[in-house]
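First comes the structure, then the notes that go with it.
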Amino acid sequence: MFRAFQKGGNPDGRVTGYQCEHDNFKNGTRSWTAGIYDEARRGWLDPNQKAAAEVKDAFTKQGNRLFKWDDWNTIVIKCKGNHIETYLNGEKRADFTDTDKKNADLKGFFALQVHGGPSGDLLWRNLYLKEL
């Protein structure tokens with residue numbers, strides 16, 4: 001998560017904000033890694049959850065081509081004002097400008113998140129933050 005925050009008075013610690021997803025399925029049905037998801041608010045922003053099937057299919061095909069199952073993947077997130085870009089292994093995945101004045105977050109914290117589910121390993125390395 002990035003530009004994230006905890007909603008005031010939320011006793012369960014739920015965090016809201018942008019997520020650069022790690023979202024690949026081995027069967028190839030969806031490959032949205034480096035897509036942008038708005039946790040606990042609007043859902044998928046890029047690709048947009050209301051996008052045409054062709055747009056979602058093209059995003060999945062690109063993700064299947066780029067994602068490395070047996071090697072490290074590199075994700076870059078660039079934020080400048082309300083504009084966000086993400087890259088997976090050097091290729092642009094998302095290019096999103098948040099025009100929703102109520103929900104566009106320009107600051108917040110950075111977090112790493114793992115959802116519950118089947119057991120497995122998720123590893124991170126070489127994490128960097130750089131001011132633009």
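Letters for chains follow the order of the structure tokens (A, B, ...), residue numbers begin at 1 for each chain, and ligand numbers begin at 1 in the order shown.
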
At a cut-off of 10 Å, using only C-alpha atoms, what residues contact Asn103 of chain A? Leave out same-chain residues fewer than 3 positions from it and give the result as a tab-separated table (two decimals) with C-alpha atoms, in the first residue's frame.
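Heads up, here's the output in around-v7.tsv:
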chain	number	residue	atom	x	y	z
A	17	GLY	CA	-5.47	3.67	0.41
A	38	ASP	CA	-8.19	1.40	-3.73
A	41	ARG	CA	-13.20	2.39	-0.87
A	42	ARG	CA	-13.49	2.30	-4.66
A	98	ASP	CA	-7.15	10.43	-9.60
A	99	THR	CA	-9.69	13.18	-10.22
A	100	ASP	CA	-11.90	12.18	-7.27
A	106	LEU	CA	-1.65	12.88	-1.78

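All residues in chain A with a DSSP state of helix (DSSP H, G or I), computed from the backbone, read A:Ala53, A:Glu54, A:Val55, A:Lys56, A:Asp57, A:Ala58, A:Phe59, A:Thr60, A:Lys61, A:Gln62, A:Gly63, A:Asn64, A:Arg65, A:Leu66.
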
Write the residues of the selection above to a file with C-alpha atoms, as a PDB file, in the first residue's frame.
ATOM      1  CA  ALA A  53     -13.852  -6.868 -21.123  1.00  0.00           C
ATOM      2  CA  GLU A  54     -11.330  -6.197 -23.906  1.00  0.00           C
ATOM      3  CA  VAL A  55      -9.423  -3.737 -21.680  1.00  0.00           C
ATOM      4  CA  LYS A  56      -9.298  -6.206 -18.787  1.00  0.00           C
ATOM      5  CA  ASP A  57      -8.278  -9.039 -21.117  1.00  0.00           C
ATOM      6  CA  ALA A  58      -5.456  -6.951 -22.620  1.00  0.00           C
ATOM      7  CA  PHE A  59      -4.225  -6.066 -19.111  1.00  0.00           C
ATOM      8  CA  THR A  60      -4.234  -9.764 -18.170  1.00  0.00           C
ATOM      9  CA  LYS A  61      -2.379 -10.767 -21.361  1.00  0.00           C
ATOM     10  CA  GLN A  62       0.295  -8.141 -20.699  1.00  0.00           C
ATOM     11  CA  GLY A  63       0.585  -9.288 -17.075  1.00  0.00           C
ATOM     12  CA  ASN A  64       0.939 -12.938 -18.087  1.00  0.00           C
ATOM     13  CA  ARG A  65       3.714 -11.961 -20.498  1.00  0.00           C
ATOM     14  CA  LEU A  66       5.609  -9.824 -17.951  1.00  0.00           C
TER      15      LEU A  66
END

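Taking atom CA of Glu85 of chain A as the reference point, atom CA of Gly8 of chain A is found at 28.1 Å.
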
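Checking A:Asn82, A:Trp44, A:Ile77, A:Ala51 one by one against Lys102 of chain A, counting only C-alpha atoms, you find the shortest gap at A:Asn82.
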
Quiz item: Residues of chain A in strand (DSSP E) according to DSSP, as number ranges by chain?
Solution: A: 2-6, 15-20, 36-39, 43-46, 75-80, 83-88, 91-97

Hey, can you spit out that residue selection with N, CA and C atoms as a tab-separated table (two decimals), in the first residue's frame?
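Below is the file selection21.tsv, written as the result:
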chain	number	residue	atom	x	y	z
A	2	PHE	N	0.35	2.30	-0.55
A	2	PHE	CA	1.08	3.56	-0.54
A	2	PHE	C	0.06	4.69	-0.43
A	3	ARG	N	0.53	5.79	0.15
A	3	ARG	CA	-0.37	6.91	0.48
A	3	ARG	C	-1.56	6.40	1.29
A	4	ALA	N	-1.27	5.50	2.19
A	4	ALA	CA	-2.30	4.82	2.97
A	4	ALA	C	-2.51	5.52	4.31
A	5	PHE	N	-3.66	5.22	4.93
A	5	PHE	CA	-3.96	5.77	6.24
A	5	PHE	C	-4.97	4.86	6.93
A	6	GLN	N	-4.99	4.97	8.26
A	6	GLN	CA	-5.97	4.22	9.03
A	6	GLN	C	-7.16	5.11	9.28
A	15	VAL	N	-6.77	-0.50	7.13
A	15	VAL	CA	-6.07	0.59	6.46
A	15	VAL	C	-6.73	0.82	5.10
A	16	THR	N	-6.77	2.08	4.71
A	16	THR	CA	-7.37	2.50	3.44
A	16	THR	C	-6.29	3.14	2.59
A	17	GLY	N	-6.40	2.99	1.30
A	17	GLY	CA	-5.47	3.67	0.41
A	17	GLY	C	-5.18	2.89	-0.85
A	18	TYR	N	-4.27	3.42	-1.63
A	18	TYR	CA	-3.89	2.78	-2.89
A	18	TYR	C	-3.07	1.53	-2.62
A	19	GLN	N	-3.30	0.53	-3.44
A	19	GLN	CA	-2.49	-0.68	-3.41
A	19	GLN	C	-1.96	-0.94	-4.81
A	20	CYS	N	-0.70	-1.22	-4.91
A	20	CYS	CA	-0.12	-1.74	-6.15
A	20	CYS	C	-0.16	-3.25	-5.98
A	36	ILE	N	-3.69	-0.91	-9.95
A	36	ILE	CA	-3.93	-0.05	-8.79
A	36	ILE	C	-5.32	-0.34	-8.23
A	37	TYR	N	-5.35	-0.69	-6.94
A	37	TYR	CA	-6.59	-1.00	-6.23
A	37	TYR	C	-6.73	-0.01	-5.08
A	38	ASP	N	-7.93	0.48	-4.84
A	38	ASP	CA	-8.19	1.40	-3.73
A	38	ASP	C	-8.86	0.61	-2.61
A	39	GLU	N	-8.07	0.23	-1.62
A	39	GLU	CA	-8.52	-0.62	-0.52
A	39	GLU	C	-9.58	0.07	0.33
A	43	GLY	N	-12.31	0.19	-4.94
A	43	GLY	CA	-11.96	-1.03	-5.67
A	43	GLY	C	-10.91	-0.76	-6.75
A	44	TRP	N	-10.99	-1.51	-7.84
A	44	TRP	CA	-10.00	-1.41	-8.91
A	44	TRP	C	-10.10	-0.07	-9.62
A	45	LEU	N	-8.96	0.62	-9.71
A	45	LEU	CA	-8.87	1.91	-10.39
A	45	LEU	C	-8.20	1.78	-11.75
A	46	ASP	N	-7.18	0.93	-11.85
A	46	ASP	CA	-6.49	0.72	-13.13
A	46	ASP	C	-5.92	-0.69	-13.14
A	75	ILE	N	8.81	-4.07	-9.36
A	75	ILE	CA	7.67	-3.16	-9.46
A	75	ILE	C	8.14	-1.77	-9.09
A	76	VAL	N	7.79	-0.80	-9.91
A	76	VAL	CA	8.08	0.60	-9.64
A	76	VAL	C	6.75	1.34	-9.57
A	77	ILE	N	6.61	2.18	-8.55
A	77	ILE	CA	5.42	3.03	-8.38
A	77	ILE	C	5.90	4.47	-8.41
A	78	LYS	N	5.34	5.27	-9.31
A	78	LYS	CA	5.69	6.70	-9.39
A	78	LYS	C	4.43	7.51	-9.11
A	79	CYS	N	4.53	8.41	-8.13
A	79	CYS	CA	3.42	9.28	-7.77
A	79	CYS	C	3.87	10.73	-7.85
A	80	LYS	N	3.14	11.53	-8.57
A	80	LYS	CA	3.42	12.97	-8.64
A	80	LYS	C	2.06	13.66	-8.61
A	83	HIS	N	-1.27	11.96	-9.96
A	83	HIS	CA	-0.96	11.06	-11.06
A	83	HIS	C	-0.09	9.91	-10.55
A	84	ILE	N	-0.49	8.67	-10.88
A	84	ILE	CA	0.21	7.47	-10.44
A	84	ILE	C	0.51	6.59	-11.65
A	85	GLU	N	1.74	6.13	-11.74
A	85	GLU	CA	2.14	5.16	-12.76
A	85	GLU	C	2.77	3.97	-12.05
A	86	THR	N	2.53	2.79	-12.59
A	86	THR	CA	3.20	1.59	-12.08
A	86	THR	C	3.86	0.87	-13.25
A	87	TYR	N	4.94	0.17	-12.92
A	87	TYR	CA	5.71	-0.59	-13.91
A	87	TYR	C	5.99	-1.97	-13.35
A	88	LEU	N	5.89	-2.97	-14.21
A	88	LEU	CA	6.25	-4.34	-13.85
A	88	LEU	C	7.37	-4.79	-14.78
A	91	GLU	N	8.09	-2.43	-17.75
A	91	GLU	CA	7.03	-2.03	-18.68
A	91	GLU	C	5.86	-1.40	-17.92
A	92	LYS	N	5.35	-0.29	-18.45
A	92	LYS	CA	4.25	0.41	-17.78
A	92	LYS	C	3.01	-0.47	-17.73
A	93	ARG	N	2.42	-0.52	-16.53
A	93	ARG	CA	1.18	-1.27	-16.33
A	93	ARG	C	0.00	-0.35	-16.10
A	94	ALA	N	0.16	0.64	-15.23
A	94	ALA	CA	-0.96	1.52	-14.91
A	94	ALA	C	-0.53	2.97	-15.10
A	95	ASP	N	-1.48	3.76	-15.55
A	95	ASP	CA	-1.27	5.19	-15.75
A	95	ASP	C	-2.58	5.85	-15.35
A	96	PHE	N	-2.65	6.28	-14.09
A	96	PHE	CA	-3.91	6.69	-13.49
A	96	PHE	C	-3.80	8.09	-12.91
A	97	THR	N	-4.76	8.94	-13.25
A	97	THR	CA	-4.88	10.25	-12.64
A	97	THR	C	-6.15	10.26	-11.81

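Checking A:Lys68, A:Lys130, A:His22, A:Lys101 one by one against Val114 of chain A, counting only C-alpha atoms, you find the shortest gap at A:His22.
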
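When only C-alpha atoms are used to measure the gap to Trp72 of chain A, the shortest distance among A:Leu132, A:Leu123, A:Ala52, A:Leu112 belongs to A:Leu123.
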